[in-house]
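Data block for start_12.pdb (PDB, C-alpha atoms):
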```pdb
ATOM      1  CA  MET A   5       0.000   0.000   0.000
ATOM      2  CA  ALA A   6       2.779   2.407   0.952
ATOM      3  CA  ALA A   7       4.700   1.491  -2.186
ATOM      4  CA  ASN A   8       1.664   2.264  -4.343
ATOM      5  CA  SER A   9       1.243   5.621  -2.651
ATOM      6  CA  PHE A  10       4.898   6.410  -3.206
ATOM      7  CA  LEU A  11       4.740   5.486  -6.895
ATOM      8  CA  SER A  12       1.633   7.605  -7.429
ATOM      9  CA  ILE A  13       3.731  10.680  -6.609
ATOM     10  CA  PHE A  14       5.871  10.079  -9.686
ATOM     11  CA  LEU A  15       3.134   9.061 -12.105
ATOM     12  CA  PRO A  16       1.164  11.649 -14.099
ATOM     13  CA  LYS A  17      -2.291  12.066 -12.619
ATOM     14  CA  ASP A  18      -4.614  10.582 -15.253
ATOM     15  CA  ARG A  19      -2.450  12.053 -17.986
ATOM     16  CA  VAL A  20      -3.842  15.411 -16.959
ATOM     17  CA  PHE A  21      -2.005  17.393 -19.635
ATOM     18  CA  TYR A  22      -3.931  15.764 -22.470
ATOM     19  CA  GLY A  23      -7.264  16.774 -20.978
ATOM     20  CA  LEU A  24      -6.091  20.323 -20.377
ATOM     21  CA  PHE A  25      -4.752  20.724 -23.903
ATOM     22  CA  GLU A  26      -7.984  19.306 -25.322
ATOM     23  CA  ASN A  27     -10.017  21.769 -23.261
ATOM     24  CA  VAL A  28      -7.892  24.637 -24.523
ATOM     25  CA  SER A  29      -8.217  23.534 -28.152
ATOM     26  CA  ASP A  30     -12.003  23.253 -27.705
ATOM     27  CA  ARG A  31     -12.199  26.850 -26.547
ATOM     28  CA  VAL A  32      -9.851  28.122 -29.220
ATOM     29  CA  LEU A  33     -12.080  26.552 -31.872
ATOM     30  CA  GLU A  34     -15.199  27.990 -30.246
ATOM     31  CA  MET A  35     -13.559  31.434 -30.239
ATOM     32  CA  SER A  36     -12.865  31.109 -33.965
ATOM     33  CA  LYS A  37     -16.517  30.197 -34.581
ATOM     34  CA  MET A  38     -17.633  33.206 -32.562
ATOM     35  CA  LEU A  39     -15.287  35.418 -34.583
ATOM     36  CA  LYS A  40     -16.917  34.102 -37.755
ATOM     37  CA  GLN A  41     -20.319  34.976 -36.288
ATOM     38  CA  LEU A  42     -19.016  38.440 -35.447
ATOM     39  CA  VAL A  43     -18.009  39.309 -38.997
ATOM     40  CA  ASN A  44     -21.405  38.112 -40.230
ATOM     41  CA  GLU A  45     -23.386  40.204 -37.733
ATOM     42  CA  PRO A  46     -24.268  43.734 -38.920
ATOM     43  CA  ASP A  47     -26.042  44.701 -35.675
ATOM     44  CA  PHE A  48     -23.601  46.442 -33.309
ATOM     45  CA  GLY A  49     -25.657  45.508 -30.250
ATOM     46  CA  LYS A  50     -25.559  41.814 -31.090
ATOM     47  CA  ARG A  51     -21.872  42.073 -31.941
ATOM     48  CA  SER A  52     -21.184  43.298 -28.391
ATOM     49  CA  THR A  53     -22.732  40.100 -27.019
ATOM     50  CA  ILE A  54     -20.559  37.979 -29.303
ATOM     51  CA  ILE A  55     -17.417  39.871 -28.308
ATOM     52  CA  ALA A  56     -18.270  39.416 -24.618
ATOM     53  CA  ARG A  57     -18.476  35.652 -25.183
ATOM     54  CA  ILE A  58     -15.117  35.675 -26.974
ATOM     55  CA  GLU A  59     -13.640  37.558 -24.021
ATOM     56  CA  ASP A  60     -15.067  35.005 -21.562
ATOM     57  CA  LEU A  61     -13.522  32.164 -23.572
ATOM     58  CA  GLU A  62     -10.168  33.957 -23.652
ATOM     59  CA  HIS A  63     -10.241  34.282 -19.867
ATOM     60  CA  GLU A  64     -11.159  30.606 -19.508
ATOM     61  CA  ASN A  65      -8.193  29.722 -21.689
ATOM     62  CA  ASP A  66      -5.901  31.852 -19.543
ATOM     63  CA  GLU A  67      -7.010  29.848 -16.509
ATOM     64  CA  LEU A  68      -6.459  26.541 -18.294
ATOM     65  CA  THR A  69      -3.006  27.654 -19.441
ATOM     66  CA  HIS A  70      -2.170  28.571 -15.855
ATOM     67  CA  LYS A  71      -3.308  25.081 -14.767
ATOM     68  CA  ILE A  72      -0.997  23.514 -17.353
ATOM     69  CA  PHE A  73       1.960  25.468 -15.982
ATOM     70  CA  THR A  74       0.942  24.571 -12.413
ATOM     71  CA  GLU A  75       0.763  20.856 -13.293
ATOM     72  CA  LEU A  76       4.121  21.171 -14.982
ATOM     73  CA  GLY A  77       5.578  22.214 -11.640
ATOM     74  CA  ARG A  78       3.825  19.431  -9.730
ATOM     75  CA  ASN A  79       4.547  16.428 -11.941
ATOM     76  CA  PHE A  80       7.944  14.738 -12.022
ATOM     77  CA  ILE A  81       6.988  12.682 -15.062
ATOM     78  CA  THR A  82       5.257  14.240 -18.063
ATOM     79  CA  PRO A  83       3.897  12.624 -21.249
ATOM     80  CA  PHE A  84       6.462  14.496 -23.351
ATOM     81  CA  ASP A  85       9.264  17.044 -22.859
ATOM     82  CA  ARG A  86       8.513  19.753 -20.351
ATOM     83  CA  GLU A  87       9.740  22.348 -22.857
ATOM     84  CA  ASP A  88       7.288  21.053 -25.465
ATOM     85  CA  ILE A  89       4.429  21.212 -22.971
ATOM     86  CA  HIS A  90       5.354  24.818 -22.209
ATOM     87  CA  TYR A  91       5.696  25.726 -25.893
ATOM     88  CA  LEU A  92       2.407  24.088 -26.847
ATOM     89  CA  ALA A  93       0.518  25.758 -23.996
ATOM     90  CA  SER A  94       1.994  29.128 -24.942
ATOM     91  CA  SER A  95       1.270  28.745 -28.657
ATOM     92  CA  LEU A  96      -2.354  27.744 -28.035
ATOM     93  CA  ASP A  97      -2.732  30.684 -25.681
ATOM     94  CA  ASP A  98      -1.334  32.964 -28.402
ATOM     95  CA  ILE A  99      -4.029  31.789 -30.835
ATOM     96  CA  ALA A 100      -6.720  32.704 -28.313
ATOM     97  CA  ASP A 101      -5.090  36.080 -27.645
ATOM     98  CA  TYR A 102      -4.987  36.975 -31.335
ATOM     99  CA  ILE A 103      -8.580  35.911 -31.973
ATOM    100  CA  TYR A 104      -9.677  38.093 -29.066
ATOM    101  CA  ALA A 105      -7.526  40.933 -30.436
ATOM    102  CA  CYS A 106      -9.287  40.584 -33.807
ATOM    103  CA  ALA A 107     -12.677  40.909 -32.153
ATOM    104  CA  LYS A 108     -11.627  43.922 -30.096
ATOM    105  CA  LYS A 109     -10.213  45.762 -33.100
ATOM    106  CA  ILE A 110     -13.287  45.092 -35.227
ATOM    107  CA  ASN A 111     -15.406  46.535 -32.413
ATOM    108  CA  PHE A 112     -13.083  49.427 -31.568
ATOM    109  CA  TYR A 113     -12.747  50.654 -35.155
ATOM    110  CA  ARG A 114     -16.447  50.034 -35.884
ATOM    111  CA  VAL A 115     -15.624  48.826 -39.380
ATOM    112  CA  ASP A 116     -18.159  47.326 -41.761
ATOM    113  CA  PRO A 117     -18.354  43.654 -40.688
ATOM    114  CA  MET A 118     -19.591  42.656 -44.131
ATOM    115  CA  ASP A 119     -16.172  43.296 -45.675
ATOM    116  CA  GLU A 120     -15.066  40.411 -47.916
ATOM    117  CA  GLY A 121     -11.563  40.314 -46.464
ATOM    118  CA  LEU A 122     -12.852  39.931 -42.894
ATOM    119  CA  HIS A 123     -15.114  37.075 -43.952
ATOM    120  CA  ARG A 124     -12.354  35.192 -45.734
ATOM    121  CA  PHE A 125      -9.864  35.665 -42.895
ATOM    122  CA  ALA A 126     -12.422  34.515 -40.295
ATOM    123  CA  ASP A 127     -13.098  31.419 -42.380
ATOM    124  CA  LEU A 128      -9.386  30.596 -42.624
ATOM    125  CA  ILE A 129      -8.916  31.094 -38.871
ATOM    126  CA  GLU A 130     -11.793  28.705 -38.133
ATOM    127  CA  GLN A 131     -10.380  26.128 -40.556
ATOM    128  CA  SER A 132      -6.944  26.367 -38.968
ATOM    129  CA  CYS A 133      -8.295  26.113 -35.403
ATOM    130  CA  THR A 134     -10.279  23.032 -36.433
ATOM    131  CA  GLN A 135      -7.084  21.351 -37.611
ATOM    132  CA  VAL A 136      -5.238  22.399 -34.438
ATOM    133  CA  LYS A 137      -7.965  20.755 -32.353
ATOM    134  CA  ASN A 138      -7.808  17.596 -34.482
ATOM    135  CA  ALA A 139      -4.045  17.359 -33.970
ATOM    136  CA  VAL A 140      -4.223  18.063 -30.217
ATOM    137  CA  TYR A 141      -6.797  15.303 -29.698
ATOM    138  CA  GLU A 142      -4.557  12.812 -31.489
ATOM    139  CA  LEU A 143      -1.675  13.499 -29.065
ATOM    140  CA  ARG A 144      -3.336  11.426 -26.352
ATOM    141  CA  ASN A 145      -2.333   8.106 -27.955
ATOM    142  CA  MET A 146      -0.453   9.070 -31.161
ATOM    143  CA  LYS A 147      -1.863   5.991 -32.885
ATOM    144  CA  ASN A 148      -3.082   7.809 -35.981
ATOM    145  CA  LEU A 149      -0.075   9.715 -37.277
ATOM    146  CA  ARG A 150      -1.751  10.135 -40.653
ATOM    147  CA  LEU A 151      -4.441  12.359 -39.132
ATOM    148  CA  ILE A 152      -1.859  14.464 -37.314
ATOM    149  CA  THR A 153       0.267  14.800 -40.443
ATOM    150  CA  GLU A 154      -2.758  15.778 -42.523
ATOM    151  CA  ALA A 155      -3.667  18.421 -39.952
ATOM    152  CA  MET A 156      -0.125  19.818 -40.057
ATOM    153  CA  VAL A 157      -0.195  20.026 -43.854
ATOM    154  CA  ARG A 158      -3.595  21.751 -43.845
ATOM    155  CA  ILE A 159      -2.532  24.288 -41.222
ATOM    156  CA  ASN A 160       0.543  25.154 -43.269
ATOM    157  CA  SER A 161      -1.587  25.491 -46.411
ATOM    158  CA  ILE A 162      -4.091  27.723 -44.614
ATOM    159  CA  GLU A 163      -1.295  29.954 -43.343
ATOM    160  CA  ASN A 164      -0.020  30.351 -46.908
ATOM    161  CA  GLN A 165      -3.527  31.203 -48.066
ATOM    162  CA  ALA A 166      -3.773  33.817 -45.315
ATOM    163  CA  ASP A 167      -0.504  35.404 -46.483
ATOM    164  CA  ASP A 168      -1.861  35.646 -50.021
ATOM    165  CA  LEU A 169      -5.195  36.946 -48.780
ATOM    166  CA  PHE A 170      -3.454  39.674 -46.801
ATOM    167  CA  ASP A 171      -1.578  40.890 -49.887
ATOM    168  CA  MET A 172      -4.686  40.782 -52.070
ATOM    169  CA  SER A 173      -6.822  42.524 -49.435
ATOM    170  CA  ILE A 174      -4.330  45.337 -49.013
ATOM    171  CA  GLU A 175      -4.109  45.772 -52.772
ATOM    172  CA  ARG A 176      -7.905  45.908 -52.990
ATOM    173  CA  LEU A 177      -8.050  48.480 -50.187
ATOM    174  CA  PHE A 178      -5.646  50.830 -51.937
ATOM    175  CA  ASN A 179      -7.487  50.427 -55.226
ATOM    176  CA  GLU A 180     -11.055  50.744 -53.949
ATOM    177  CA  GLU A 181     -11.114  52.557 -50.582
ATOM    178  CA  PRO A 182     -10.905  56.374 -50.907
ATOM    179  CA  ASP A 183     -10.860  57.019 -47.149
ATOM    180  CA  ALA A 184      -7.298  56.758 -45.788
ATOM    181  CA  LYS A 185      -8.595  56.195 -42.254
ATOM    182  CA  GLU A 186     -10.548  53.147 -43.370
ATOM    183  CA  VAL A 187      -7.476  51.802 -45.135
ATOM    184  CA  ILE A 188      -5.468  52.090 -41.911
ATOM    185  CA  LYS A 189      -8.215  50.442 -39.838
ATOM    186  CA  PHE A 190      -8.707  47.492 -42.153
ATOM    187  CA  ARG A 191      -5.002  46.991 -42.698
ATOM    188  CA  GLU A 192      -4.449  46.679 -38.936
ATOM    189  CA  ILE A 193      -7.324  44.218 -38.539
ATOM    190  CA  TYR A 194      -6.160  42.142 -41.505
ATOM    191  CA  GLN A 195      -2.689  41.978 -39.983
ATOM    192  CA  VAL A 196      -3.952  40.685 -36.645
ATOM    193  CA  MET A 197      -6.142  38.104 -38.377
ATOM    194  CA  GLU A 198      -3.216  36.930 -40.490
ATOM    195  CA  ASN A 199      -1.148  36.713 -37.303
ATOM    196  CA  ALA A 200      -3.782  34.393 -35.808
ATOM    197  CA  THR A 201      -3.111  31.899 -38.610
ATOM    198  CA  ASP A 202       0.629  32.280 -37.953
ATOM    199  CA  LYS A 203       0.024  31.285 -34.335
ATOM    200  CA  CYS A 204      -1.888  28.196 -35.480
ATOM    201  CA  GLU A 205       1.147  27.250 -37.540
ATOM    202  CA  ASP A 206       3.372  27.797 -34.469
ATOM    203  CA  ALA A 207       1.212  25.331 -32.521
ATOM    204  CA  ALA A 208       1.414  22.880 -35.424
ATOM    205  CA  ASN A 209       5.208  23.134 -35.414
ATOM    206  CA  VAL A 210       5.311  22.245 -31.706
ATOM    207  CA  ILE A 211       3.010  19.260 -32.270
ATOM    208  CA  GLU A 212       5.188  18.136 -35.176
ATOM    209  CA  SER A 213       8.234  18.301 -32.926
ATOM    210  CA  ILE A 214       6.456  16.166 -30.330
ATOM    211  CA  ILE A 215       5.424  13.415 -32.734
ATOM    212  CA  ILE A 216       8.914  13.277 -34.263
ATOM    213  CA  LYS A 217      10.319  12.602 -30.793
ATOM    214  CA  TYR A 218       7.711  10.218 -29.454
ATOM    215  CA  ALA A 219       5.680   8.618 -32.210
TER     216      ALA A 219
END
```
Kindly return the structure encoded in the file as structure tokens.
Amino acid sequence: MAANSFLSIFLPKDRVFYGLFENVSDRVLEMSKMLKQLVNEPDFGKRSTIIARIEDLEHENDELTHKIFTELGRNFITPFDREDIHYLASSLDDIADYIYACAKKINFYRVDPMDEGLHRFADLIEQSCTQVKNAVYELRNMKNLRLITEAMVRINSIENQADDLFDMSIERLFNEEPDAKEVIKFREIYQVMENATDKCEDAANVIESIIIKYA
């Protein structure tokens, strides 16, 4: 009995990190879906409700990220490198931060939410967050490397699409938008949205590093 109690100190508690990462990825994906709703909602009053929900999810993710770091300090044995756990937690938190930043800027600048560029960026962010979630859920057993690899490839492709979309959107702005203030507003929002896809790719790179080491 004493031996079992002693061993339990060194064993991960129910592989707690997997559950925490899955919870974070769930919320990140939900935030991306809420962002997509935001850019399709012309009513400013309803948009405020959506943004408040995005903010709540961002705060929930902050708490989960803090729990991951706390568990990292408590557990002697972890499912993969401590550095990778830290990097993955940080990269997922960055995705949430940038999605929230997108929502805040859209609200702050009071731009037209029906803009084509905003719609296309929001769609790419949701697609990328979906693939991040798929990859995170496969980390628990790493039995289906094909699914993880496919997710990595798709995230990279989406990030490339976002780069191209940014260039095309800026070109369209300069060609079609006569108001310099609107150009500045949209350019800043586009940049933050493109950065959100970059952060998804950062998370994918960490996951790729993990499966190379442990799969």
Written as an MDAnalysis selection string, which residues does the PyMOL selection byres ((chain A and resi 121) around 12) give for the file shown? chainID A and resid 40 43:44 115:120 122:128 166 168:177 190:191 193:195 197:198
In terms of all atoms listed in the file, the residue from A:Glu192, A:Val210, A:Gln165, A:Lys37 at minimal distance from His90 of chain A is A:Val210
Practice prompt. Find the residues near segment 91-93 of chain A: any atom within 12 Å, counting only C-alpha atoms, skip ones fewer than 3 places away on the same chain, and give them as a ChimeraX atom specification.
Written response: /A:21-22,24-29,32,65-76,84-88,96-100,136,139-140,143,203-214
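Separating atom CA of Arg57 of chain A from atom CA of Glu163 of chain A is a distance of 25.6 Å.
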Computed gap from atom CA of Glu130 of chain A to atom CA of Lys189 of chain A is 22.1 Å
Student task, segment 93-142 of chain A output with C-alpha atoms as a JSON list (two decimals), in the first residue's frame:
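Writing the result to part33.json gives the following:
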```json
[["chain", "number", "residue", "atom", "x", "y", "z"],
["A", 93, "ALA", "CA", 0.52, 25.76, -24.00],
["A", 94, "SER", "CA", 1.99, 29.13, -24.94],
["A", 95, "SER", "CA", 1.27, 28.75, -28.66],
["A", 96, "LEU", "CA", -2.35, 27.74, -28.03],
["A", 97, "ASP", "CA", -2.73, 30.68, -25.68],
["A", 98, "ASP", "CA", -1.33, 32.96, -28.40],
["A", 99, "ILE", "CA", -4.03, 31.79, -30.84],
["A", 100, "ALA", "CA", -6.72, 32.70, -28.31],
["A", 101, "ASP", "CA", -5.09, 36.08, -27.64],
["A", 102, "TYR", "CA", -4.99, 36.97, -31.33],
["A", 103, "ILE", "CA", -8.58, 35.91, -31.97],
["A", 104, "TYR", "CA", -9.68, 38.09, -29.07],
["A", 105, "ALA", "CA", -7.53, 40.93, -30.44],
["A", 106, "CYS", "CA", -9.29, 40.58, -33.81],
["A", 107, "ALA", "CA", -12.68, 40.91, -32.15],
["A", 108, "LYS", "CA", -11.63, 43.92, -30.10],
["A", 109, "LYS", "CA", -10.21, 45.76, -33.10],
["A", 110, "ILE", "CA", -13.29, 45.09, -35.23],
["A", 111, "ASN", "CA", -15.41, 46.54, -32.41],
["A", 112, "PHE", "CA", -13.08, 49.43, -31.57],
["A", 113, "TYR", "CA", -12.75, 50.65, -35.16],
["A", 114, "ARG", "CA", -16.45, 50.03, -35.88],
["A", 115, "VAL", "CA", -15.62, 48.83, -39.38],
["A", 116, "ASP", "CA", -18.16, 47.33, -41.76],
["A", 117, "PRO", "CA", -18.35, 43.65, -40.69],
["A", 118, "MET", "CA", -19.59, 42.66, -44.13],
["A", 119, "ASP", "CA", -16.17, 43.30, -45.67],
["A", 120, "GLU", "CA", -15.07, 40.41, -47.92],
["A", 121, "GLY", "CA", -11.56, 40.31, -46.46],
["A", 122, "LEU", "CA", -12.85, 39.93, -42.89],
["A", 123, "HIS", "CA", -15.11, 37.07, -43.95],
["A", 124, "ARG", "CA", -12.35, 35.19, -45.73],
["A", 125, "PHE", "CA", -9.86, 35.67, -42.90],
["A", 126, "ALA", "CA", -12.42, 34.51, -40.30],
["A", 127, "ASP", "CA", -13.10, 31.42, -42.38],
["A", 128, "LEU", "CA", -9.39, 30.60, -42.62],
["A", 129, "ILE", "CA", -8.92, 31.09, -38.87],
["A", 130, "GLU", "CA", -11.79, 28.71, -38.13],
["A", 131, "GLN", "CA", -10.38, 26.13, -40.56],
["A", 132, "SER", "CA", -6.94, 26.37, -38.97],
["A", 133, "CYS", "CA", -8.30, 26.11, -35.40],
["A", 134, "THR", "CA", -10.28, 23.03, -36.43],
["A", 135, "GLN", "CA", -7.08, 21.35, -37.61],
["A", 136, "VAL", "CA", -5.24, 22.40, -34.44],
["A", 137, "LYS", "CA", -7.96, 20.76, -32.35],
["A", 138, "ASN", "CA", -7.81, 17.60, -34.48],
["A", 139, "ALA", "CA", -4.04, 17.36, -33.97],
["A", 140, "VAL", "CA", -4.22, 18.06, -30.22],
["A", 141, "TYR", "CA", -6.80, 15.30, -29.70],
["A", 142, "GLU", "CA", -4.56, 12.81, -31.49]]
```
